[in-house]
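Participant: Handing you this structure, nothing more for now.
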Amino acid sequence: MPRRGGLFALVMAASLACGGAGTTPSTPDEAPASQISYRDVTEESGVRFLDTHGRSGTDKRYLFETIGGGVALLDQDGDGDLDVFLAGGDPQDGTGPAPSRLFANRGDARFDDVTEALALDLRRDATGLAVGDVDDDGDEDLYVGAYGVNALLENRGSTLVDVAPEAGVDHPGYASAVLFADFDGDGDLDLFVGNYVEWNEHALEFSAEGGNYRGHMVIAGPRGLHGAADVLFENVGDGPEGARFRDVTESAGLGESRSFALGAVAADVTGDGRVDLYVANDSEPNSLFENQGGMRFVDVGVVSGSALDATGQAQAGMGVDAGDADGDGDLDLFVTNFSHDHNTYYEQHGPGRFSDMSRRAGLFQPSYLHLGFGCTFTDADLDGDLDLVVANGHVFAVLDDTPLNTTYAQVNQVFENLNDGEFREVPAPWVGPGHATLVSRGLARGDLDGDGREDLVVTNLNGPATVLRNTTPTPPGLVLELRGERSGARAVGAKVEVELKSGRRIVRHVCGGGSFQSASCRRIVLGVPRGETVRRIRVHWPWGKEQVFDGPPLGHLALFVEGERDVQLQPLAVYAD
């Protein structure tokens with residue numbers, strides 16, 4: 001590989017014949033055409049946001065100009081519906097970074113820009129986003145990673161205040177993968193900051209000098225640059241000025257982690273009740289940090305089978321998500337990668353044991369010429385299994401003028417879960433401008449309009465954000481919200497077992513982080529097949545406690561509070577398509 005290899009390690013030539021285990025499944029003749037559909041409602045939503053990360057077009061000179069920013073869905077104003085926060089960037093034209101912006105949901109998936117009303121003036125090259133109630137006051141706070149100094153926006157209702165210096169988390173660097181989770185089981189949220197590269201004058205010069213990607217000159221990196229150290233902050237409680245954190249990276253066993261981190265997800269991956277951490281690394285093996293208890297971790301990525309592809313090669317990990325894709329009750333992992341390679345589906349077939357099953361799952365070939373960033377598992381058609389959405393867009397604008405069979409702007413993809421983790425790509429699921437080719441980056445899911453289906457918000461490099469409403473005809477489902485006590489406000493790491501009338505069992509997990517630089521809603525949108533009802537729900541709270549509840553009626557938001565027997569119910573809104 002040439003010293004000035006292209007961006008993201010020039011993920012090279014695995015042929016279409018190599019990769020995941022097994023054979024690509026054919027779609028059964030009797031399988032009905034998918035009804036999954038999304039409608040682009042950006043214009044009527046009122047979300048007006050232009051991503052300004054780096055110069056537009058082919059004039060990008062540096063690695064950091066290709067990454068873009070993320071999106072976070074949170075209930076900032078406490079009215080029960082989801083607001084949208086979008087990370088602002090620096091256009092590199094001498095004017096400085098544009099402000100990040102917050103759009104408040106009026107209750108019908110129509111939004112007002114309340115950035116100025118909240119006195120929010122966050123101007124930095126923002127990247128990754130994480131949502132969580134760090135000070136345990138009942139509302140959601142926001143951590144903003146950056147190319148530069150990170151921010152912790154404490155939610156005070158009428159305003160958002162950056163308290164990162166006082167809290168001890170104003171970490172400088174190049175953050176991408178940031179998330180909150182209760183890693184030590186003390187009831188408050190700790191913070192992981194995954195950094196991409198060490199950025200300095202050498203890195204600027206190196207990146208601008210350029211490299212060679214399949215015979216074409218491109219921006220160079222990350223190979224040839226130094227991976228940046230990831231950082232783990234323990235929440236040590238509230239001080240006079242609010243939440244306080246301390247850096248426990250070394251004692252936790254993460255001190256040697258200096259890979260090119262781009263995506264991360266926190267969940268009880270190994271099924272032992274403790275919250276683990278999975279990190280997608282660009283051009284290097286991915287890491288699975290198994291939680292040993294006592295705020296100590298061991299990287300078992302390679303031995304677990306979740307670090308490399310089926311041929312034993314490291315890939316260019318971008319985004320990541322975790323979910324029970326094959327319906328066996330444990331967590332599987334999905335990682336997006338570079339073009340001329342494949343996105344990777346790691347199926348778990350025993351506690352902490354994974355295999356690359358991308359080919360058998362039908363995810364190998366459809367992803368080969370795409371470059372994936374944001375991704376999410378979501379039950380788009382509410383049939384009880386997890387479908388998959390991937391946001392695509394290349395990093396090299398010059399590819400439009402080459403014979404490499406890929407492009408800079410790309411179509412985002414939806415994959416329907418047919419059965420037990422076998423997928424097929426849904427043709428043309430987008431209605432309106434949302435089907436256009438875009439240079440997409442961040443992707444977050446959440447029910448924006450209260451109808452019990454998960455919608456999507458996508459960020460697009462040097463373009464407007466896209467709001468996509470789920471218009472799939474579905475049976476009524478359930479939305480489950482978990483409110484932890486000992487296990488943290490959003491119960492990251494919890495497992496929910498749903499028993500249906502027929503005896504079928506559906507398992508869902510609450511994860512922290514996931515996708516790419518974005519924060520999705522942590523409510524569980526549960527699909528229940530037609531003709532079924534929910535008999536009972538068992539909640540495995542993180543760190544050991546279990547509770548069993550009678551099944552709530554379909555068509556409701558059900559709130560489960562750790563330690564309480566009663567379930568609070570609220571009917572879901574129904575909107576005409």
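Chain labels follow the order of the structure tokens: the first chain is A, the next B, and so on; residue numbering restarts at 1 in every chain, and ligands are counted from 1 in their shown order.
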For Ala164 in chain A, work out the shell of residues within 9 Å, counting only C-alpha atoms and skipping chain neighbours fewer than 2 positions away, then give it as a PyMOL selection string.

Facilitator: chain A and resi 143+150-154+162+166-171

Participant: Which residues come within 6 Å of range 264-281 of chain A, counting only C-alpha atoms, excluding same-chain residues fewer than 4 positions away, as a PyMOL selection string?

Facilitator: chain A and resi 177+183+260+286-291+317+331+351-352+493+511-514+542-544

Participant: Please identify which residues in range 114-237 of chain A DSSP calls alpha helix (DSSP H) from the backbone, and express them as a PyMOL selection string.

Facilitator: chain A and resi 164-167+201-209

Participant: For Gly57 in chain A, which of A:Asn462, A:Ser37, A:Thr115, A:Gln365 is the closest residue, counting only C-alpha atoms?

Facilitator: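 Closest to Gly57 in chain A of all the choices is A:Asn462.
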
Participant: I need the residues in range 422-458 of chain A that are strand (DSSP E) according to DSSP; give them as a list in words.

Facilitator: Glu422, Phe423, Arg424, Glu425, Trp430, Val431, Ser440, Arg441, Gly442, Leu443, Ala444, Arg445, Gly446, Asp455, Leu456, Val457 and Val458 of chain A

Participant: Take the residues that were just selected and, keeping all heavy atoms, output them as a short mmCIF file (atom, residue, chain, number, x, y, z; two decimals), in the first residue's frame.

Facilitator:
```
data_model
loop_
_atom_site.label_atom_id
_atom_site.label_comp_id
_atom_site.auth_asym_id
_atom_site.auth_seq_id
_atom_site.Cartn_x
_atom_site.Cartn_y
_atom_site.Cartn_z
N GLU A 422 -32.03 -12.46 7.55
CA GLU A 422 -31.77 -12.44 6.11
C GLU A 422 -32.51 -11.23 5.53
O GLU A 422 -33.71 -11.04 5.79
CB GLU A 422 -32.23 -13.74 5.45
CG GLU A 422 -31.42 -14.94 5.90
CD GLU A 422 -31.74 -16.19 5.12
OE1 GLU A 422 -32.55 -16.09 4.17
OE2 GLU A 422 -31.19 -17.25 5.44
N PHE A 423 -31.80 -10.43 4.75
CA PHE A 423 -32.31 -9.14 4.31
C PHE A 423 -32.41 -9.08 2.79
O PHE A 423 -31.69 -9.76 2.08
CB PHE A 423 -31.38 -8.00 4.78
CG PHE A 423 -31.30 -7.85 6.27
CD1 PHE A 423 -30.43 -8.64 7.02
CD2 PHE A 423 -32.06 -6.90 6.93
CE1 PHE A 423 -30.33 -8.49 8.40
CE2 PHE A 423 -31.98 -6.75 8.30
CZ PHE A 423 -31.11 -7.54 9.04
N ARG A 424 -33.30 -8.21 2.32
CA ARG A 424 -33.32 -7.85 0.91
C ARG A 424 -33.46 -6.34 0.82
O ARG A 424 -34.15 -5.70 1.62
CB ARG A 424 -34.49 -8.52 0.17
CG ARG A 424 -35.87 -8.04 0.62
CD ARG A 424 -36.97 -8.64 -0.22
NE ARG A 424 -38.29 -8.26 0.30
CZ ARG A 424 -39.44 -8.74 -0.16
NH1 ARG A 424 -39.43 -9.63 -1.15
NH2 ARG A 424 -40.60 -8.35 0.36
N GLU A 425 -32.78 -5.75 -0.16
CA GLU A 425 -32.86 -4.31 -0.35
C GLU A 425 -34.24 -3.93 -0.86
O GLU A 425 -34.78 -4.56 -1.76
CB GLU A 425 -31.78 -3.82 -1.31
CG GLU A 425 -31.74 -2.32 -1.44
CD GLU A 425 -30.59 -1.81 -2.28
OE1 GLU A 425 -29.79 -2.65 -2.77
OE2 GLU A 425 -30.47 -0.58 -2.44
N TRP A 430 -38.24 5.63 -1.09
CA TRP A 430 -38.33 7.05 -0.80
C TRP A 430 -39.37 7.71 -1.69
O TRP A 430 -39.39 7.50 -2.90
CB TRP A 430 -36.98 7.73 -1.02
CG TRP A 430 -35.83 6.95 -0.47
CD1 TRP A 430 -34.86 6.30 -1.19
CD2 TRP A 430 -35.52 6.70 0.90
NE1 TRP A 430 -33.98 5.68 -0.36
CE2 TRP A 430 -34.36 5.90 0.94
CE3 TRP A 430 -36.12 7.08 2.10
CZ2 TRP A 430 -33.78 5.49 2.12
CZ3 TRP A 430 -35.55 6.66 3.29
CH2 TRP A 430 -34.39 5.88 3.30
N VAL A 431 -40.21 8.54 -1.12
CA VAL A 431 -41.20 9.31 -1.86
C VAL A 431 -40.82 10.78 -1.74
O VAL A 431 -40.69 11.29 -0.63
CB VAL A 431 -42.62 9.08 -1.33
CG1 VAL A 431 -43.62 9.94 -2.09
CG2 VAL A 431 -42.98 7.61 -1.43
N SER A 440 -24.54 11.66 2.22
CA SER A 440 -25.12 11.56 3.56
C SER A 440 -24.07 11.14 4.58
O SER A 440 -23.09 10.47 4.27
CB SER A 440 -26.28 10.58 3.56
OG SER A 440 -27.34 11.04 2.74
N ARG A 441 -24.31 11.53 5.82
CA ARG A 441 -23.40 11.23 6.92
C ARG A 441 -24.18 10.73 8.15
O ARG A 441 -24.28 9.56 8.39
CB ARG A 441 -22.58 12.48 7.28
CG ARG A 441 -21.60 12.92 6.18
CD ARG A 441 -20.53 11.89 5.94
NE ARG A 441 -19.50 12.33 4.99
CZ ARG A 441 -19.44 11.97 3.72
NH1 ARG A 441 -20.38 11.17 3.22
NH2 ARG A 441 -18.46 12.38 2.94
N GLY A 442 -24.71 11.63 8.95
CA GLY A 442 -25.40 11.24 10.18
C GLY A 442 -26.80 10.73 9.92
O GLY A 442 -27.45 11.12 8.95
N LEU A 443 -27.29 9.86 10.80
CA LEU A 443 -28.63 9.29 10.68
C LEU A 443 -29.16 9.00 12.08
O LEU A 443 -28.50 8.33 12.88
CB LEU A 443 -28.58 7.99 9.86
CG LEU A 443 -29.81 7.08 9.88
CD1 LEU A 443 -30.99 7.77 9.22
CD2 LEU A 443 -29.51 5.76 9.18
N ALA A 444 -30.34 9.53 12.40
CA ALA A 444 -30.97 9.26 13.68
C ALA A 444 -32.42 8.84 13.44
O ALA A 444 -33.07 9.33 12.53
CB ALA A 444 -30.92 10.49 14.59
N ARG A 445 -32.92 7.95 14.29
CA ARG A 445 -34.30 7.48 14.17
C ARG A 445 -35.09 7.87 15.42
O ARG A 445 -34.56 7.96 16.53
CB ARG A 445 -34.34 5.96 14.00
CG ARG A 445 -33.66 5.23 15.13
CD ARG A 445 -33.83 3.73 15.06
NE ARG A 445 -32.94 3.06 16.00
CZ ARG A 445 -33.11 3.02 17.32
NH1 ARG A 445 -34.16 3.61 17.85
NH2 ARG A 445 -32.23 2.40 18.10
N GLY A 446 -36.39 8.07 15.22
CA GLY A 446 -37.28 8.38 16.32
C GLY A 446 -38.66 8.71 15.78
O GLY A 446 -38.81 9.13 14.64
N ASP A 455 -39.42 7.51 12.42
CA ASP A 455 -39.02 8.36 11.31
C ASP A 455 -37.51 8.52 11.33
O ASP A 455 -36.83 8.06 12.25
CB ASP A 455 -39.74 9.70 11.41
CG ASP A 455 -41.24 9.52 11.65
OD1 ASP A 455 -41.90 8.92 10.78
OD2 ASP A 455 -41.75 9.97 12.69
N LEU A 456 -36.97 9.23 10.32
CA LEU A 456 -35.53 9.38 10.18
C LEU A 456 -35.17 10.84 9.93
O LEU A 456 -35.90 11.56 9.26
CB LEU A 456 -35.01 8.55 8.99
CG LEU A 456 -35.37 7.07 8.96
CD1 LEU A 456 -34.97 6.46 7.63
CD2 LEU A 456 -34.70 6.32 10.11
N VAL A 457 -34.02 11.24 10.46
CA VAL A 457 -33.40 12.52 10.10
C VAL A 457 -31.98 12.21 9.66
O VAL A 457 -31.25 11.49 10.35
CB VAL A 457 -33.40 13.53 11.26
CG1 VAL A 457 -32.78 14.85 10.81
CG2 VAL A 457 -34.82 13.77 11.78
N VAL A 458 -31.60 12.74 8.49
CA VAL A 458 -30.31 12.45 7.88
C VAL A 458 -29.56 13.76 7.64
O VAL A 458 -30.15 14.73 7.15
CB VAL A 458 -30.47 11.70 6.54
CG1 VAL A 458 -29.11 11.33 5.95
CG2 VAL A 458 -31.34 10.46 6.72
#
```

Participant: Figure out the distance between CA of Gly263 in chain A and CA of Val492 in chain A, please, to one decimal in Å.

Facilitator: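 Between CA of Val492 in chain A and CA of Gly263 in chain A the gap works out to 16.9 Å.
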
Participant: Of the candidates A:Asp282, A:Glu497, A:Asp247, A:Asp51, which shows the shortest atom-to-atom distance to Gly319 in chain A, using only C-alpha atoms?

Facilitator: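 Nearest to Gly319 in chain A: A:Asp282.
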